[in-house]
Amino acid sequence: MLGYYFLNMKKFILSIFTCVSLFACQQEIDFPESGNFSASIEKVSTKTSLSQDNSIYWNSDDEVVIFNKSTVNDRYKVVLETAGSTSCALEYVQSSHNSKDEDLNHVVAFYPYSSAFTCVASGSDSYILGNVVLQNEQDYAYESFASGSFPMVAVSTNTNLAFKNVCGTIMFQAKGDINVASVTISGNKNEKLSGPAIVTAYAGAVPSVVMGESALQNVVLDCGDGVQLSPEVATEFILTVPPTDFDSGFKVVVKDTEGREYV
C-alpha cells in the first residue's frame with residue numbers, strides 16, 4: 001500500500017505492485033487439418049486474455065502477422081474452433097506486399113496484426129520488426145488487459161510458433177467508492193512508455209524493445225463509462241508497458257468520472 005487519501009469524506013486506498021514477465025514452460029501442438037500454423041503462449045503475462053491462474057488464452061478474433069521465411073507480410077487469424085486455449089491453430093487470410101520479397105532463415109510472427117509491419121534480418125537468427133506502435137491508450141478489461149494491447153513475437157524453423165511476450169505489465173489494486181474513468185502511468189525520469197518502437201526478435205532468446213524518438217512518456221488506461229470501486233474488494237487495473245527500469249520510480253494518476261484526480 002502506497003498511501004490513502006480522504007477527499008470529500010471518501011476514502012480511496014491504492015496499492016501498486018509490478019507483475020514481472022516470466023518465461024514459463026511452453027507447449028507446442030500441431031493442428032495439421034485445421035490451420036497452416038499452430039501457436040502456443042507462455043503461461044505468465046503474455047497475450048491475449050488473462051485467466052485466474054495467469055494462463056493466457058487466444059481469442060476468436062485475434063490476428064497475427066507471419067513472415068513465412070520471407071519479408072512478405074502475411075495475415076493469419078485464429079481458427080474459431082481452437083480459440084479459448086493457450087494453443088490454437090492459425091489460418092491464412094491474405095498478404096500485404098508492403099516490402100520487397102526477400103528470404104529469411106526463420107518464420108517470424110508478431111501479435112497483434114498490422115499490415116504496416118516489416119521484418120528484416122539483422123543476423124543469422126535475429127530479426128528487426130519495424131512500424132511497431134505500442135498502444136498509448138489501452139482499454140480496460142476486467143482482471144486482464146484488452147485484446148491487442150499486449151504484443152508478443154515468435155521465431156521458429158517450422159510451423160509451430162512459441163510466442164514470447166514483448167512487454168510487461170503494471171497492475172495495481174484499488175478500494176474505495178469512486179467511479180474510475182482512467183488511469184495514467186508515467187516514469188519520474190520521463191521514460192518512454194508508448195508509441196513507435198523497434199522490436200528485435202531472436203531465435204531461442206528474449207526479444208528486445210527500443211522506443212522511438214517520438215515515443216510518448218505515459219500510458220493511459222481508458223475505463224470507458226467508469227469502473228466502480230468497492231470499499232471491501234480490491235479492483236485490479238492492468239497496463240502494458242515496455243521493459244523499463246524506472247530507476248526513480250513512477251507516478252500513477254487516477255481520474256474519476258467527476259473529473260477529480262488522485263496521484
# chains A, B, ... in the order shown; residues from 1 in each chain; ligands from 1
$ residues_around --residues "Val254 (chain A)" --least-positions-apart "6" --cutoff "8 Å" --atoms "only C-alpha atoms" --output "VMD selection string"
chain A and resid 180 to 184 261 to 263
$ write_last_selection --atoms "N, CA and C atoms" --output "CSV table (one decimal), in the first residue's frame"
chain,number,residue,atom,x,y,z
A,180,VAL,N,-13.9,5.0,-11.4
A,180,VAL,CA,-12.7,5.3,-12.1
A,180,VAL,C,-12.9,5.5,-13.6
A,181,ALA,N,-12.5,6.6,-14.1
A,181,ALA,CA,-12.6,6.9,-15.6
A,181,ALA,C,-11.4,6.6,-16.3
A,182,SER,N,-10.2,6.8,-15.7
A,182,SER,CA,-8.9,6.5,-16.4
A,182,SER,C,-7.8,6.4,-15.4
A,183,VAL,N,-6.7,5.7,-15.8
A,183,VAL,CA,-5.5,5.5,-15.0
A,183,VAL,C,-4.4,5.8,-15.9
A,184,THR,N,-3.5,6.7,-15.5
A,184,THR,CA,-2.3,7.1,-16.3
A,184,THR,C,-1.0,6.8,-15.5
A,261,GLU,N,-8.8,14.1,-9.7
A,261,GLU,CA,-7.6,13.3,-9.9
A,261,GLU,C,-7.0,12.9,-8.5
A,262,TYR,N,-6.5,11.7,-8.5
A,262,TYR,CA,-5.8,11.1,-7.3
A,262,TYR,C,-4.4,10.7,-7.7
A,263,VAL,N,-3.4,11.2,-7.1
A,263,VAL,CA,-2.0,10.9,-7.5
A,263,VAL,C,-1.3,10.1,-6.5
$ residues_around --residues "Tyr142 (chain A)" --least-positions-apart "2" --cutoff "10 Å" --atoms "only C-alpha atoms" --output "list in words"
Ser49, Leu50, Tyr140, Ser144, Phe145, Ala146, Val227, Thr235, Glu236, Phe237 and Ile238 of chain A
$ write_last_selection --atoms "N, CA, C and O atoms" --output "PDB file, in the first residue's frame"
ATOM      1  N   SER A  49      -5.847 -12.906 -23.394  1.00  0.00           N
ATOM      2  CA  SER A  49      -6.649 -12.574 -22.215  1.00  0.00           C
ATOM      3  C   SER A  49      -6.141 -13.393 -21.042  1.00  0.00           C
ATOM      4  O   SER A  49      -5.683 -14.522 -21.206  1.00  0.00           O
ATOM      5  N   LEU A  50      -6.233 -12.805 -19.855  1.00  0.00           N
ATOM      6  CA  LEU A  50      -5.590 -13.370 -18.676  1.00  0.00           C
ATOM      7  C   LEU A  50      -6.615 -14.100 -17.822  1.00  0.00           C
ATOM      8  O   LEU A  50      -7.621 -13.539 -17.419  1.00  0.00           O
ATOM      9  N   TYR A 140      -9.708  -0.695 -20.732  1.00  0.00           N
ATOM     10  CA  TYR A 140      -9.823  -1.510 -19.510  1.00  0.00           C
ATOM     11  C   TYR A 140     -10.465  -2.850 -19.833  1.00  0.00           C
ATOM     12  O   TYR A 140     -11.410  -2.946 -20.631  1.00  0.00           O
ATOM     13  N   SER A 144      -7.711  -8.246 -16.495  1.00  0.00           N
ATOM     14  CA  SER A 144      -6.905  -8.637 -17.634  1.00  0.00           C
ATOM     15  C   SER A 144      -6.427  -7.389 -18.358  1.00  0.00           C
ATOM     16  O   SER A 144      -6.574  -6.275 -17.860  1.00  0.00           O
ATOM     17  N   PHE A 145      -5.851  -7.585 -19.539  1.00  0.00           N
ATOM     18  CA  PHE A 145      -5.544  -6.493 -20.442  1.00  0.00           C
ATOM     19  C   PHE A 145      -6.368  -6.704 -21.697  1.00  0.00           C
ATOM     20  O   PHE A 145      -6.716  -7.828 -22.061  1.00  0.00           O
ATOM     21  N   ALA A 146      -6.691  -5.608 -22.370  1.00  0.00           N
ATOM     22  CA  ALA A 146      -7.580  -5.690 -23.523  1.00  0.00           C
ATOM     23  C   ALA A 146      -6.890  -6.373 -24.696  1.00  0.00           C
ATOM     24  O   ALA A 146      -5.663  -6.328 -24.844  1.00  0.00           O
ATOM     25  N   VAL A 227     -15.317   2.497 -13.962  1.00  0.00           N
ATOM     26  CA  VAL A 227     -15.261   1.252 -13.201  1.00  0.00           C
ATOM     27  C   VAL A 227     -15.494   1.593 -11.739  1.00  0.00           C
ATOM     28  O   VAL A 227     -14.699   2.300 -11.116  1.00  0.00           O
ATOM     29  N   THR A 235     -10.225  -3.839  -6.745  1.00  0.00           N
ATOM     30  CA  THR A 235     -10.388  -3.917  -8.191  1.00  0.00           C
ATOM     31  C   THR A 235      -9.020  -3.833  -8.839  1.00  0.00           C
ATOM     32  O   THR A 235      -8.199  -2.992  -8.478  1.00  0.00           O
ATOM     33  N   GLU A 236      -8.757  -4.700  -9.826  1.00  0.00           N
ATOM     34  CA  GLU A 236      -7.464  -4.738 -10.489  1.00  0.00           C
ATOM     35  C   GLU A 236      -7.489  -3.900 -11.769  1.00  0.00           C
ATOM     36  O   GLU A 236      -8.440  -3.950 -12.543  1.00  0.00           O
ATOM     37  N   PHE A 237      -6.414  -3.157 -11.969  1.00  0.00           N
ATOM     38  CA  PHE A 237      -6.201  -2.397 -13.199  1.00  0.00           C
ATOM     39  C   PHE A 237      -4.834  -2.793 -13.748  1.00  0.00           C
ATOM     40  O   PHE A 237      -3.839  -2.730 -13.040  1.00  0.00           O
ATOM     41  N   ILE A 238      -4.782  -3.219 -15.023  1.00  0.00           N
ATOM     42  CA  ILE A 238      -3.558  -3.747 -15.615  1.00  0.00           C
ATOM     43  C   ILE A 238      -3.209  -2.937 -16.855  1.00  0.00           C
ATOM     44  O   ILE A 238      -4.032  -2.772 -17.756  1.00  0.00           O
TER      45      ILE A 238
END
$ select_by_dssp --residues "region 82-247 of chain A" --states "strand (DSSP E)" --output "ChimeraX atom specification"
/A:87-96,103-111,118-121,126-134,137-141,144-145,152-156,160-165,168-175,179-187,195-202,205-211,218-228,235-241
$ residues_around --residues "region 249-252 of chain A" --least-positions-apart "4" --cutoff "12 Å" --atoms "only C-alpha atoms" --output "PyMOL selection string"
chain A and resi 2+14-18+170-174+182-193+217-221+237+239+241+244-245+261-263
$ residues_around --residues "Asn131 (chain A)" --least-positions-apart "2" --cutoff "12 Å" --atoms "only C-alpha atoms" --output "list in words"
Asn98, Phe110, Tyr113, Ser114, Ser115, Ala116, Phe117, Thr118, Cys119, Val120, Ile128, Leu129, Val133, Leu134, Gly195, Pro196, Ala197, Ile198, Val199, Thr200, Val210, Met211 and Gly212 of chain A
$ write_last_selection --atoms "N, CA and C atoms" --output "PDB file, in the first residue's frame"
ATOM      1  N   ASN A  98       3.978  -4.936 -48.756  1.00  0.00           N
ATOM      2  CA  ASN A  98       4.478  -3.585 -48.494  1.00  0.00           C
ATOM      3  C   ASN A  98       5.998  -3.561 -48.399  1.00  0.00           C
ATOM      4  N   PHE A 110       4.273 -12.013 -35.306  1.00  0.00           N
ATOM      5  CA  PHE A 110       4.064 -10.932 -34.337  1.00  0.00           C
ATOM      6  C   PHE A 110       2.579 -10.741 -34.102  1.00  0.00           C
ATOM      7  N   TYR A 113      -1.812  -8.138 -35.275  1.00  0.00           N
ATOM      8  CA  TYR A 113      -1.569  -7.945 -36.700  1.00  0.00           C
ATOM      9  C   TYR A 113      -1.638  -6.475 -37.105  1.00  0.00           C
ATOM     10  N   SER A 114      -0.776  -6.100 -38.046  1.00  0.00           N
ATOM     11  CA  SER A 114      -0.870  -4.822 -38.754  1.00  0.00           C
ATOM     12  C   SER A 114      -0.247  -5.013 -40.122  1.00  0.00           C
ATOM     13  N   SER A 115      -0.887  -4.483 -41.147  1.00  0.00           N
ATOM     14  CA  SER A 115      -0.341  -4.583 -42.497  1.00  0.00           C
ATOM     15  C   SER A 115       0.906  -3.727 -42.663  1.00  0.00           C
ATOM     16  N   ALA A 116       1.151  -2.815 -41.705  1.00  0.00           N
ATOM     17  CA  ALA A 116       2.302  -1.915 -41.794  1.00  0.00           C
ATOM     18  C   ALA A 116       3.594  -2.557 -41.306  1.00  0.00           C
ATOM     19  N   PHE A 117       3.514  -3.663 -40.576  1.00  0.00           N
ATOM     20  CA  PHE A 117       4.714  -4.273 -40.013  1.00  0.00           C
ATOM     21  C   PHE A 117       5.662  -4.747 -41.108  1.00  0.00           C
ATOM     22  N   THR A 118       6.956  -4.542 -40.855  1.00  0.00           N
ATOM     23  CA  THR A 118       8.001  -5.036 -41.741  1.00  0.00           C
ATOM     24  C   THR A 118       8.963  -5.901 -40.941  1.00  0.00           C
ATOM     25  N   CYS A 119       9.718  -6.735 -41.634  1.00  0.00           N
ATOM     26  CA  CYS A 119      10.677  -7.621 -40.979  1.00  0.00           C
ATOM     27  C   CYS A 119      11.923  -7.737 -41.839  1.00  0.00           C
ATOM     28  N   VAL A 120      13.082  -7.477 -41.220  1.00  0.00           N
ATOM     29  CA  VAL A 120      14.350  -7.641 -41.926  1.00  0.00           C
ATOM     30  C   VAL A 120      15.299  -8.408 -41.024  1.00  0.00           C
ATOM     31  N   ILE A 128      14.558  -7.710 -37.108  1.00  0.00           N
ATOM     32  CA  ILE A 128      14.048  -6.418 -36.663  1.00  0.00           C
ATOM     33  C   ILE A 128      12.658  -6.212 -37.244  1.00  0.00           C
ATOM     34  N   LEU A 129      11.700  -5.968 -36.353  1.00  0.00           N
ATOM     35  CA  LEU A 129      10.322  -5.680 -36.754  1.00  0.00           C
ATOM     36  C   LEU A 129      10.120  -4.174 -36.716  1.00  0.00           C
ATOM     37  N   VAL A 133       3.895  -0.033 -33.069  1.00  0.00           N
ATOM     38  CA  VAL A 133       3.425   1.057 -32.207  1.00  0.00           C
ATOM     39  C   VAL A 133       2.807   0.445 -30.950  1.00  0.00           C
ATOM     40  N   LEU A 134       3.394   0.731 -29.792  1.00  0.00           N
ATOM     41  CA  LEU A 134       2.831   0.268 -28.520  1.00  0.00           C
ATOM     42  C   LEU A 134       1.727   1.220 -28.097  1.00  0.00           C
ATOM     43  N   GLY A 195       3.967   4.291 -27.975  1.00  0.00           N
ATOM     44  CA  GLY A 195       4.221   4.896 -29.274  1.00  0.00           C
ATOM     45  C   GLY A 195       5.157   4.067 -30.131  1.00  0.00           C
ATOM     46  N   PRO A 196       5.835   4.697 -31.107  1.00  0.00           N
ATOM     47  CA  PRO A 196       6.690   3.970 -32.048  1.00  0.00           C
ATOM     48  C   PRO A 196       7.803   3.204 -31.343  1.00  0.00           C
ATOM     49  N   ALA A 197       8.035   1.976 -31.809  1.00  0.00           N
ATOM     50  CA  ALA A 197       9.065   1.134 -31.195  1.00  0.00           C
ATOM     51  C   ALA A 197       9.656   0.206 -32.247  1.00  0.00           C
ATOM     52  N   ILE A 198      10.880  -0.220 -31.991  1.00  0.00           N
ATOM     53  CA  ILE A 198      11.526  -1.230 -32.837  1.00  0.00           C
ATOM     54  C   ILE A 198      11.727  -2.470 -31.983  1.00  0.00           C
ATOM     55  N   VAL A 199      11.189  -3.578 -32.441  1.00  0.00           N
ATOM     56  CA  VAL A 199      11.295  -4.847 -31.716  1.00  0.00           C
ATOM     57  C   VAL A 199      12.272  -5.749 -32.449  1.00  0.00           C
ATOM     58  N   THR A 200      13.237  -6.292 -31.711  1.00  0.00           N
ATOM     59  CA  THR A 200      14.160  -7.270 -32.279  1.00  0.00           C
ATOM     60  C   THR A 200      13.832  -8.643 -31.713  1.00  0.00           C
ATOM     61  N   VAL A 210      13.252  -1.172 -28.389  1.00  0.00           N
ATOM     62  CA  VAL A 210      13.841   0.171 -28.344  1.00  0.00           C
ATOM     63  C   VAL A 210      12.762   1.151 -28.758  1.00  0.00           C
ATOM     64  N   MET A 211      12.441   2.092 -27.867  1.00  0.00           N
ATOM     65  CA  MET A 211      11.402   3.067 -28.163  1.00  0.00           C
ATOM     66  C   MET A 211      11.937   4.129 -29.118  1.00  0.00           C
ATOM     67  N   GLY A 212      11.069   4.605 -30.009  1.00  0.00           N
ATOM     68  CA  GLY A 212      11.454   5.598 -30.996  1.00  0.00           C
ATOM     69  C   GLY A 212      11.582   6.994 -30.409  1.00  0.00           C
TER      70      GLY A 212
END
$ atom_distance --atom1 "CA of Glu143 (chain A)" --atom2 "CA of Ser194 (chain A)"
21.4 Å
$ closest_residue --among "A:Gln94, A:Ser208, A:Ser147, A:Thr240" --to "Arg75 (chain A)" --atoms "only C-alpha atoms"
A:Gln94
$ atom_distance --atom1 "CA of Ser122 (chain A)" --atom2 "CA of Asn105 (chain A)"
11.0 Å
$ residues_around --residues "Asn158 (chain A)" --least-positions-apart "6" --cutoff "9 Å" --atoms "only C-alpha atoms" --output "VMD selection string"
chain A and resid 37 106 to 107
$ atom_distance --atom1 "CA of Ser96 (chain A)" --atom2 "CA of Ile56 (chain A)"
28.1 Å
$ closest_residue --among "A:Gln228, A:Thr257, A:Thr157, A:Ser95" --to "Lys175 (chain A)" --atoms "only C-alpha atoms"
A:Gln228
$ residues_around --residues "Met152 (chain A)" --least-positions-apart "5" --cutoff "8 Å" --atoms "only C-alpha atoms" --output "short mmCIF file (atom, residue, chain, number, x, y, z; two decimals) with N, CA, C and O atoms, in the first residue's frame"
data_model
loop_
_atom_site.label_atom_id
_atom_site.label_comp_id
_atom_site.auth_asym_id
_atom_site.auth_seq_id
_atom_site.Cartn_x
_atom_site.Cartn_y
_atom_site.Cartn_z
N THR A 46 1.52 -13.01 -21.00
CA THR A 46 1.61 -12.66 -22.41
C THR A 46 0.23 -12.28 -22.88
O THR A 46 -0.50 -11.62 -22.20
N LYS A 47 -0.23 -12.66 -23.92
CA LYS A 47 -1.44 -12.28 -24.60
C LYS A 47 -2.34 -13.51 -24.67
O LYS A 47 -1.79 -14.57 -24.64
N PHE A 110 4.27 -12.01 -35.31
CA PHE A 110 4.06 -10.93 -34.34
C PHE A 110 2.58 -10.74 -34.10
O PHE A 110 1.77 -10.80 -35.02
N TYR A 111 2.24 -10.53 -32.84
CA TYR A 111 0.87 -10.21 -32.44
C TYR A 111 0.87 -8.84 -31.78
O TYR A 111 1.77 -8.57 -30.99
N PRO A 112 -0.10 -7.97 -32.05
CA PRO A 112 -1.26 -8.16 -32.93
C PRO A 112 -0.93 -7.82 -34.38
O PRO A 112 0.12 -7.25 -34.67
N PHE A 163 5.20 -18.27 -28.86
CA PHE A 163 5.28 -16.82 -28.70
C PHE A 163 5.87 -16.42 -27.35
O PHE A 163 5.61 -17.05 -26.32
N LYS A 164 6.67 -15.35 -27.38
CA LYS A 164 7.23 -14.74 -26.18
C LYS A 164 6.69 -13.32 -26.04
O LYS A 164 6.46 -12.63 -27.03
N ASN A 165 6.51 -12.89 -24.77
CA ASN A 165 5.99 -11.55 -24.55
C ASN A 165 7.05 -10.50 -24.83
O ASN A 165 8.22 -10.65 -24.52
N VAL A 166 6.62 -9.40 -25.45
CA VAL A 166 7.49 -8.28 -25.78
C VAL A 166 7.52 -7.27 -24.64
O VAL A 166 8.57 -6.70 -24.35
N CYS A 167 6.40 -7.07 -23.98
CA CYS A 167 6.27 -6.07 -22.92
C CYS A 167 6.03 -6.74 -21.57
O CYS A 167 6.01 -7.96 -21.46
#
